[in-house]
$ cat start-v3.cif   # mmCIF, C-alpha atoms and all ligand atoms
data_structure
loop_
_atom_site.label_atom_id
_atom_site.label_comp_id
_atom_site.auth_asym_id
_atom_site.auth_seq_id
_atom_site.Cartn_x
_atom_site.Cartn_y
_atom_site.Cartn_z
CA MET A 1 -29.01 -10.81 -7.62
CA THR A 2 -30.03 -9.60 -11.05
CA THR A 3 -27.24 -8.65 -13.44
CA ALA A 4 -28.02 -5.66 -15.64
CA ALA A 5 -25.28 -3.71 -17.38
CA ILE A 6 -24.44 -0.47 -15.60
CA THR A 7 -26.07 2.44 -17.40
CA PRO A 8 -23.76 5.12 -18.88
CA ASP A 9 -25.14 7.59 -16.34
CA ALA A 10 -24.43 5.32 -13.34
CA LEU A 11 -20.97 4.55 -14.77
CA SER A 12 -20.16 8.21 -15.12
CA TYR A 13 -21.25 8.85 -11.50
CA VAL A 14 -18.99 6.01 -10.22
CA CYS A 15 -15.98 7.16 -12.28
CA GLY A 16 -16.56 10.74 -11.08
CA ILE A 17 -16.85 10.04 -7.35
CA VAL A 18 -13.88 7.65 -7.44
CA ARG A 19 -11.76 10.28 -9.24
CA ASP A 20 -12.84 13.03 -6.81
CA ARG A 21 -12.21 11.04 -3.65
CA SER A 22 -9.14 8.94 -4.54
CA ALA A 23 -7.76 10.32 -7.85
CA ILE A 24 -8.01 6.80 -9.27
CA GLU A 25 -8.77 6.96 -13.00
CA LEU A 26 -11.17 4.11 -13.70
CA GLU A 27 -11.42 2.88 -17.25
CA ALA A 28 -15.09 3.30 -18.17
CA SER A 29 -14.53 0.73 -20.92
CA LYS A 30 -14.12 -1.89 -18.18
CA SER A 31 -17.67 -1.48 -16.90
CA TYR A 32 -17.94 -5.27 -16.36
CA LEU A 33 -15.08 -4.99 -13.82
CA ILE A 34 -16.72 -2.06 -12.09
CA GLU A 35 -19.96 -3.99 -11.90
CA ALA A 36 -18.23 -7.13 -10.53
CA ARG A 37 -16.61 -5.07 -7.77
CA LEU A 38 -19.80 -3.30 -6.78
CA MET A 39 -22.07 -6.32 -6.83
CA PRO A 40 -21.13 -7.73 -3.40
CA LEU A 41 -21.53 -4.28 -1.84
CA ALA A 42 -24.91 -3.79 -3.52
CA LYS A 43 -26.05 -7.17 -2.22
CA LEU A 44 -24.79 -6.43 1.28
CA ASN A 45 -26.86 -3.26 1.30
CA GLY A 46 -30.03 -5.03 0.16
CA TYR A 47 -30.09 -3.94 -3.49
CA THR A 48 -30.95 -6.34 -6.30
CA THR A 49 -28.99 -4.58 -9.05
CA THR A 50 -25.81 -2.52 -9.09
CA ASN A 51 -27.69 0.25 -10.93
CA ASP A 52 -30.17 0.50 -8.04
CA PHE A 53 -27.31 0.52 -5.56
CA ILE A 54 -25.47 3.30 -7.38
CA GLN A 55 -28.70 5.29 -7.55
CA GLY A 56 -29.21 4.66 -3.82
CA VAL A 57 -25.72 5.98 -2.99
CA ARG A 58 -26.28 8.95 -5.25
CA VAL A 59 -29.60 9.94 -3.74
CA SER A 60 -28.85 9.23 -0.07
CA ARG A 61 -25.41 10.91 -0.17
CA GLN A 62 -24.42 8.99 2.95
CA PRO A 63 -20.67 9.54 3.47
CA GLU A 64 -20.18 6.01 4.80
CA LEU A 65 -21.79 4.43 1.74
CA GLU A 66 -19.86 6.71 -0.61
CA ARG A 67 -16.64 5.74 1.16
CA ARG A 68 -17.41 2.06 0.78
CA LEU A 69 -18.21 2.49 -2.90
CA VAL A 70 -14.87 4.25 -3.49
CA GLU A 71 -12.97 1.64 -1.47
CA ALA A 72 -14.64 -1.16 -3.42
CA MET A 73 -13.05 0.26 -6.56
CA THR A 74 -9.47 0.13 -5.24
CA THR A 75 -7.21 -2.70 -6.40
CA ASN A 76 -5.67 -4.29 -3.30
CA GLU A 77 -3.49 -6.92 -4.96
CA THR A 78 -0.35 -7.58 -2.86
CA SER A 79 1.79 -10.42 -1.50
CA PHE A 80 4.72 -11.12 0.80
CA TYR A 81 8.10 -10.14 -0.72
CA ARG A 82 6.34 -9.05 -3.91
CA ASP A 83 8.82 -8.63 -6.82
CA ILE A 84 11.65 -9.75 -4.49
CA HIS A 85 14.39 -7.38 -5.84
CA PRO A 86 13.59 -4.30 -3.71
CA PHE A 87 13.81 -6.48 -0.60
CA THR A 88 17.18 -7.85 -1.75
CA ALA A 89 18.49 -4.32 -2.31
CA LEU A 90 17.17 -3.30 1.10
CA ARG A 91 19.06 -6.17 2.73
CA THR A 92 22.33 -6.00 0.80
CA LYS A 93 22.78 -2.27 0.21
CA ILE A 94 20.27 0.16 1.64
CA LEU A 95 19.93 -0.94 5.25
CA PRO A 96 23.68 -1.58 5.71
CA GLU A 97 24.32 2.00 4.48
CA LEU A 98 21.56 3.48 6.64
CA CYS A 99 22.83 1.60 9.70
CA GLN A 100 26.09 3.52 9.30
CA LEU A 101 24.55 6.86 8.36
CA ARG A 102 22.05 6.82 11.25
CA ALA A 103 24.35 5.26 13.86
CA SER A 104 24.46 8.38 16.02
CA LYS A 105 20.67 8.84 16.10
CA ARG A 106 19.87 5.11 16.22
CA MET A 107 16.55 5.78 14.56
CA LEU A 108 15.00 4.57 11.29
CA ASN A 109 11.63 5.38 9.73
CA ILE A 110 10.31 3.07 7.02
CA TRP A 111 7.04 3.76 5.19
CA SER A 112 4.93 1.39 3.15
CA ALA A 113 2.64 3.86 1.37
CA ALA A 114 -0.50 2.28 -0.15
CA CYS A 115 0.25 -0.81 1.93
CA SER A 116 -3.00 -2.68 1.22
CA THR A 117 -3.40 -5.63 3.64
CA GLY A 118 0.09 -5.21 5.09
CA GLN A 119 2.18 -7.98 3.54
CA GLU A 120 4.77 -5.43 2.30
CA LEU A 121 5.35 -3.95 5.76
CA TYR A 122 5.40 -7.34 7.49
CA SER A 123 7.95 -8.53 4.87
CA ILE A 124 10.19 -5.58 5.81
CA ALA A 125 9.69 -6.26 9.54
CA MET A 126 10.76 -9.91 9.11
CA LEU A 127 13.74 -8.91 6.94
CA ILE A 128 14.97 -6.57 9.68
CA ARG A 129 14.53 -9.24 12.37
CA GLU A 130 16.35 -11.84 10.28
CA HIS A 131 19.28 -9.79 9.01
CA PHE A 132 19.76 -6.75 11.24
CA PRO A 133 19.78 -7.91 14.87
CA GLN A 134 21.75 -4.75 15.76
CA LEU A 135 18.60 -2.72 15.06
CA ALA A 136 16.76 -4.40 17.95
CA THR A 137 17.96 -1.62 20.26
CA TRP A 138 17.21 1.24 17.81
CA ASN A 139 13.98 3.16 17.38
CA VAL A 140 12.70 1.56 14.19
CA HIS A 141 9.30 2.82 13.08
CA LEU A 142 7.50 0.75 10.47
CA GLN A 143 4.52 2.66 9.15
CA GLY A 144 1.90 1.41 6.68
CA THR A 145 -0.75 3.71 5.19
CA ASP A 146 -3.62 3.29 2.76
CA ILE A 147 -6.84 5.02 1.71
CA SER A 148 -8.98 1.99 2.48
CA GLU A 149 -10.27 1.42 6.02
CA GLU A 150 -11.07 -2.13 5.09
CA VAL A 151 -7.55 -3.17 4.09
CA LEU A 152 -6.06 -1.22 7.02
CA GLY A 153 -8.26 -3.22 9.39
CA ARG A 154 -6.96 -6.43 7.86
CA ALA A 155 -3.36 -5.21 8.02
CA ARG A 156 -3.70 -4.30 11.70
CA ALA A 157 -5.27 -7.67 12.49
CA GLY A 158 -2.31 -9.39 10.80
CA LYS A 159 -4.38 -12.43 9.85
CA PHE A 160 -3.78 -14.12 6.53
CA SER A 161 -5.37 -17.05 4.70
CA GLN A 162 -3.33 -20.06 3.65
CA ILE A 163 -3.49 -18.83 0.05
CA GLU A 164 -2.05 -15.45 1.06
CA MET A 165 0.68 -17.19 3.08
CA ASN A 166 1.61 -19.35 0.09
CA ARG A 167 2.26 -16.25 -2.01
CA GLY A 168 5.89 -15.32 -1.47
CA LEU A 169 6.43 -16.21 2.17
CA PRO A 170 9.20 -18.82 2.70
CA ALA A 171 8.08 -21.67 5.01
CA PRO A 172 10.76 -21.04 7.69
CA LEU A 173 9.57 -17.42 8.06
CA MET A 174 5.97 -18.55 8.23
CA LEU A 175 6.75 -20.91 11.09
CA LYS A 176 8.91 -18.40 12.91
CA TYR A 177 6.73 -15.28 12.71
CA PHE A 178 3.15 -16.61 12.46
CA GLU A 179 0.93 -18.88 14.47
CA ARG A 180 -1.98 -20.91 13.18
CA ASP A 181 -5.42 -19.69 14.17
CA GLY A 182 -8.01 -22.07 12.73
CA MET A 183 -8.07 -21.57 8.97
CA THR A 184 -5.87 -18.48 9.12
CA TRP A 185 -2.35 -17.51 10.18
CA GLN A 186 -1.79 -14.76 12.71
CA VAL A 187 1.35 -12.58 12.84
CA ARG A 188 3.03 -13.13 16.22
CA PRO A 189 2.34 -10.29 18.66
CA ASP A 190 5.95 -9.08 18.92
CA LEU A 191 6.26 -8.61 15.14
CA ARG A 192 2.82 -7.03 14.89
CA ALA A 193 3.67 -4.63 17.73
CA CYS A 194 6.52 -3.06 15.77
CA THR A 195 4.20 -2.04 12.90
CA LYS A 196 1.63 0.73 12.68
CA PHE A 197 -1.13 1.09 10.09
CA THR A 198 -2.95 4.41 9.62
CA LYS A 199 -5.09 6.08 7.01
CA LEU A 200 -3.50 8.35 4.43
CA ASN A 201 -5.27 9.37 1.25
CA PHE A 202 -2.65 10.82 -1.11
CA VAL A 203 -5.10 13.39 -2.44
CA GLU A 204 -6.30 14.70 0.92
CA PRO A 205 -4.18 16.75 3.35
CA TRP A 206 -1.41 14.55 4.76
CA PRO A 207 -0.98 14.12 8.51
CA THR A 208 2.31 15.25 10.04
CA MET A 209 4.87 12.58 9.34
CA PRO A 210 8.42 11.89 10.54
CA SER A 211 11.26 12.13 8.02
CA MET A 212 11.29 8.82 6.21
CA ASP A 213 14.50 6.87 5.48
CA VAL A 214 12.90 4.30 3.18
CA VAL A 215 9.66 4.69 1.24
CA PHE A 216 7.91 1.85 -0.56
CA LEU A 217 5.37 3.44 -2.92
CA ARG A 218 4.72 0.50 -5.16
CA ASN A 219 1.97 -0.42 -7.59
CA VAL A 220 -0.24 2.56 -6.89
CA LEU A 221 0.97 5.46 -9.09
CA ILE A 222 -0.23 3.46 -12.11
CA TYR A 223 -3.82 4.31 -11.19
CA PHE A 224 -3.33 8.09 -11.31
CA SER A 225 -3.09 10.81 -13.97
CA PRO A 226 0.39 12.29 -14.70
CA ASP A 227 -0.49 15.47 -12.75
CA THR A 228 -1.57 13.47 -9.68
CA LYS A 229 1.61 11.35 -9.89
CA ARG A 230 3.70 14.54 -10.02
CA GLU A 231 1.95 16.00 -6.98
CA ILE A 232 2.30 12.77 -4.95
CA LEU A 233 5.99 12.44 -5.83
CA ARG A 234 6.57 16.07 -4.80
CA LYS A 235 4.95 15.45 -1.41
CA VAL A 236 6.81 12.15 -0.93
CA ARG A 237 10.06 13.97 -1.65
CA GLN A 238 9.26 16.46 1.11
CA VAL A 239 9.01 13.74 3.76
CA MET A 240 12.20 11.96 2.67
CA ALA A 241 15.23 12.38 4.95
CA PRO A 242 18.69 13.07 3.44
CA ASN A 243 19.99 9.88 1.73
CA ALA A 244 16.52 8.30 1.93
CA VAL A 245 15.46 5.91 -0.81
CA LEU A 246 12.20 5.45 -2.68
CA PHE A 247 11.03 2.20 -4.27
CA LEU A 248 8.33 2.23 -6.94
CA GLY A 249 6.57 -0.69 -8.61
CA ALA A 250 8.22 -2.42 -11.56
CA ALA A 251 5.94 -0.58 -14.02
CA GLU A 252 6.44 2.83 -12.39
CA THR A 253 9.08 5.54 -12.64
CA THR A 254 9.79 9.14 -11.65
CA MET A 255 11.22 9.76 -15.14
CA GLY A 256 9.33 12.46 -16.99
CA LEU A 257 7.46 13.33 -13.78
CA ASP A 258 9.93 14.63 -11.21
CA ALA A 259 13.45 15.62 -12.23
CA ALA A 260 14.53 16.01 -8.58
CA PHE A 261 14.85 12.21 -8.27
CA GLU A 262 17.92 10.28 -9.35
CA ARG A 263 17.42 6.69 -10.59
CA ILE A 264 19.82 4.11 -9.13
CA GLU A 265 20.21 0.45 -10.08
CA ALA A 266 21.51 -2.15 -7.63
CA ASP A 267 21.05 -5.90 -7.22
CA HIS A 268 18.56 -6.10 -10.12
CA SER A 269 16.51 -3.45 -8.38
CA VAL A 270 15.80 0.17 -9.19
CA PHE A 271 15.36 2.79 -6.53
CA TYR A 272 15.34 6.59 -6.36
CA ARG A 273 17.10 9.22 -4.27
CA VAL A 274 16.57 12.95 -4.16
CA LYS A 275 19.50 14.52 -6.07
C1 LIG A 301 -2.16 -2.70 -5.76
S1 LIG A 301 -2.17 -2.17 -4.07
C2 LIG A 301 -0.43 -2.07 -3.76
C3 LIG A 301 -0.04 -2.75 -2.45
C4 LIG A 301 1.44 -2.81 -2.18
N1 LIG A 301 2.06 -1.50 -2.19
C5 LIG A 301 2.13 -3.74 -3.15
O1 LIG A 301 2.81 -3.23 -4.06
O2 LIG A 301 2.01 -4.94 -3.04
C6 LIG A 301 -2.65 -0.46 -4.26
C7 LIG A 301 -3.15 0.18 -2.97
O3 LIG A 301 -3.24 1.59 -3.18
C8 LIG A 301 -4.30 2.07 -2.38
N2 LIG A 301 -4.72 3.40 -2.89
C9 LIG A 301 -5.42 3.70 -4.01
N3 LIG A 301 -5.66 5.01 -4.08
C10 LIG A 301 -5.09 5.58 -3.01
C11 LIG A 301 -5.01 6.93 -2.53
N4 LIG A 301 -5.57 7.95 -3.18
N5 LIG A 301 -4.35 7.14 -1.37
C12 LIG A 301 -3.77 6.12 -0.68
N6 LIG A 301 -3.82 4.82 -1.08
C13 LIG A 301 -4.48 4.56 -2.24
C14 LIG A 301 -5.38 0.99 -2.54
O4 LIG A 301 -6.34 1.04 -1.51
C15 LIG A 301 -4.54 -0.29 -2.56
O5 LIG A 301 -4.51 -0.91 -1.31
#
$ encode --input "start-v3.cif" --output "structure tokens"
Amino acid sequence: MTTAAITPDALSYVCGIVRDRSAIELEASKSYLIEARLMPLAKLNGYTTTNDFIQGVRVSRQPELERRLVEAMTTNETSFYRDIHPFTALRTKILPELCQLRASKRMLNIWSAACSTGQELYSIAMLIREHFPQLATWNVHLQGTDISEEVLGRARAGKFSQIEMNRGLPAPLMLKYFERDGMTWQVRPDLRACTKFTKLNFVEPWPTMPSMDVVFLRNVLIYFSPDTKREILRKVRQVMAPNAVLFLGAAETTMGLDAAFERIEADHSVFYRVK
């Protein structure tokens, strides 16, 4: 594979299509990063340079290739129990309260929005199994969504490398909820069966969704413009049930974007409720 710096024209095409399709604002100054992410895809499609690949996508206008290019530019960094505090607050405060508030309906909907490869949703599923046995007889829906077909496929498969397992997952939980499958670890079928992973692009029409009691929307708003963040928060608010809570990433906030949210601190964690 030949490495040739991406031309300004090719760079502007990539930034444009990624913004149009996903609302992600790429930093054109980081063209080396863009090139590194596109190189494997270019190679896979038989191109010798990323410039040729970008030109190929541009000319052929094949939706599948365009989709793959956009997906290649998403950042899918995640891990089990990432930034532990939201999970602590979920265990000590939020779920105990929701168990009381929803006792008559015996139903809970939890959404991991922009779930990447699924570690966030599986972390929540294990937390419920470990600490809320009373919920075993409730209707508990654990929904993960993402723009990327590729990460959704990995989330559904529930297979993780040893390196992924070592990031944040305590050994007792690994042994209890996963089984070894060659070089990978597979989520046990009963835990996998209580999760669902489907496609949702924040900037395309949303499918009909149930009212959510807990929303994890972490480490994704950072990629969007203030207007896109505002619009996503408005739509998230509309699917939140009364007393529902929203978790954002440590570097994210609703402040200055959506005054309808109230910021609450508990157990070293910050979460948001609709006022
Ligand atoms: C850094 S990961 C965050 C994963 C997880 N929430 C966490 O905090 O560990 C960001 C995810 O956002 C997804 N994403 C980016 N743009 C999106 C969009 N427009 N709609 C839905 N998901 C998007 C990416 O595919 C990626 O998997």
$ residues_around --input "start-v3.cif" --residues "Arg263 of chain A" --least-positions-apart "6" --cutoff "12 Å" --atoms "only C-alpha atoms" --output "JSON, numbers by chain"
{"A": [245, 246, 247, 248, 252, 253, 254, 255, 256, 269, 270, 271, 272, 273, 274, 275]}
$ closest_residue --input "start-v3.cif" --among "A:Pro86, A:Gly158, A:Gly182, A:Pro133" --to "ligand LIG 301 (chain A)" --atoms "all atoms listed in the file"
A:Pro86
$ atom_distance --input "start-v3.cif" --atom1 "atom CA of Thr74 of chain A" --atom2 "atom CA of Ala259 of chain A"
28.5 Å
$ closest_atom_pairs --input "start-v3.cif" --of "chain A" --to "ligand LIG 301 (chain A)" --cutoff "8 Å" --atoms "only C-alpha atoms and all ligand atoms" --output "JSON lines"
{"residue": "A:Arg21", "atom": "CA", "partner": "A:LIG301", "partner_atom": "N4", "distance": 7.3}
{"residue": "A:Ser22", "atom": "CA", "partner": "A:LIG301", "partner_atom": "N4", "distance": 3.9}
{"residue": "A:Ala23", "atom": "CA", "partner": "A:LIG301", "partner_atom": "N4", "distance": 5.7}
{"residue": "A:Ile24", "atom": "CA", "partner": "A:LIG301", "partner_atom": "N3", "distance": 6.0}
{"residue": "A:Glu71", "atom": "CA", "partner": "A:LIG301", "partner_atom": "O4", "distance": 6.7}
{"residue": "A:Thr74", "atom": "CA", "partner": "A:LIG301", "partner_atom": "O4", "distance": 5.0}
{"residue": "A:Thr75", "atom": "CA", "partner": "A:LIG301", "partner_atom": "C1", "distance": 5.1}
{"residue": "A:Asn76", "atom": "CA", "partner": "A:LIG301", "partner_atom": "O5", "distance": 4.1}
{"residue": "A:Glu77", "atom": "CA", "partner": "A:LIG301", "partner_atom": "C1", "distance": 4.5}
{"residue": "A:Thr78", "atom": "CA", "partner": "A:LIG301", "partner_atom": "O2", "distance": 3.5}
{"residue": "A:Ser79", "atom": "CA", "partner": "A:LIG301", "partner_atom": "O2", "distance": 5.7}
{"residue": "A:Phe80", "atom": "CA", "partner": "A:LIG301", "partner_atom": "O2", "distance": 7.8}
{"residue": "A:Arg82", "atom": "CA", "partner": "A:LIG301", "partner_atom": "O2", "distance": 6.0}
{"residue": "A:Ser112", "atom": "CA", "partner": "A:LIG301", "partner_atom": "N1", "distance": 6.7}
{"residue": "A:Ala113", "atom": "CA", "partner": "A:LIG301", "partner_atom": "N1", "distance": 6.5}
{"residue": "A:Ala114", "atom": "CA", "partner": "A:LIG301", "partner_atom": "O3", "distance": 4.1}
{"residue": "A:Cys115", "atom": "CA", "partner": "A:LIG301", "partner_atom": "N1", "distance": 4.6}
{"residue": "A:Ser116", "atom": "CA", "partner": "A:LIG301", "partner_atom": "O5", "distance": 3.4}
{"residue": "A:Thr117", "atom": "CA", "partner": "A:LIG301", "partner_atom": "O5", "distance": 6.9}
{"residue": "A:Gly118", "atom": "CA", "partner": "A:LIG301", "partner_atom": "C4", "distance": 7.8}
{"residue": "A:Gln119", "atom": "CA", "partner": "A:LIG301", "partner_atom": "O2", "distance": 7.3}
{"residue": "A:Glu120", "atom": "CA", "partner": "A:LIG301", "partner_atom": "O2", "distance": 6.0}
{"residue": "A:Thr145", "atom": "CA", "partner": "A:LIG301", "partner_atom": "C12", "distance": 7.0}
{"residue": "A:Asp146", "atom": "CA", "partner": "A:LIG301", "partner_atom": "N6", "distance": 4.1}
{"residue": "A:Ile147", "atom": "CA", "partner": "A:LIG301", "partner_atom": "C12", "distance": 4.0}
{"residue": "A:Ser148", "atom": "CA", "partner": "A:LIG301", "partner_atom": "O4", "distance": 4.9}
{"residue": "A:Val151", "atom": "CA", "partner": "A:LIG301", "partner_atom": "O5", "distance": 6.6}
{"residue": "A:Lys199", "atom": "CA", "partner": "A:LIG301", "partner_atom": "C12", "distance": 7.8}
{"residue": "A:Leu200", "atom": "CA", "partner": "A:LIG301", "partner_atom": "C12", "distance": 5.6}
{"residue": "A:Asn201", "atom": "CA", "partner": "A:LIG301", "partner_atom": "N5", "distance": 3.6}
{"residue": "A:Phe202", "atom": "CA", "partner": "A:LIG301", "partner_atom": "N5", "distance": 4.1}
{"residue": "A:Val203", "atom": "CA", "partner": "A:LIG301", "partner_atom": "N4", "distance": 5.5}
{"residue": "A:Glu204", "atom": "CA", "partner": "A:LIG301", "partner_atom": "N4", "distance": 7.9}
{"residue": "A:Phe216", "atom": "CA", "partner": "A:LIG301", "partner_atom": "N1", "distance": 6.9}
{"residue": "A:Leu217", "atom": "CA", "partner": "A:LIG301", "partner_atom": "N1", "distance": 6.0}
{"residue": "A:Arg218", "atom": "CA", "partner": "A:LIG301", "partner_atom": "O1", "distance": 4.3}
{"residue": "A:Asn219", "atom": "CA", "partner": "A:LIG301", "partner_atom": "O1", "distance": 4.6}
{"residue": "A:Val220", "atom": "CA", "partner": "A:LIG301", "partner_atom": "C6", "distance": 4.7}
{"residue": "A:Tyr223", "atom": "CA", "partner": "A:LIG301", "partner_atom": "N3", "distance": 7.4}
{"residue": "A:Gly249", "atom": "CA", "partner": "A:LIG301", "partner_atom": "O1", "distance": 6.4}
$ residues_around --input "start-v3.cif" --residues "segment 207-211 of chain A" --least-positions-apart "5" --cutoff "6 Å" --atoms "all atoms listed in the file" --output "PyMOL selection string"
chain A and resi 239-241
$ axis_aligned_box --input "start-v3.cif" --around "segment 32-38 of chain A" --padding-each-side "4 Å" --output "lines of an AutoDock Vina configuration file"
center_x = -17.5
center_y = -4.6
center_z = -11.6
size_x = 12.9
size_y = 13.1
size_z = 17.6
$ residues_near_point --input "start-v3.cif" --point "(-25.1, -3.6, -17.1)" --cutoff "10 Å" --atoms "all atoms listed in the file" --output "list in words"
Thr2, Thr3, Ala4, Ala5, Ile6, Thr7, Pro8, Ala10, Leu11, Ser31, Tyr32, Ile34, Glu35, Thr49, Thr50 and Asn51 of chain A
$ closest_residue --input "start-v3.cif" --among "A:Ala251, A:Val187, A:Pro172, A:Trp138" --to "Leu221 of chain A" --atoms "all atoms listed in the file"
A:Ala251
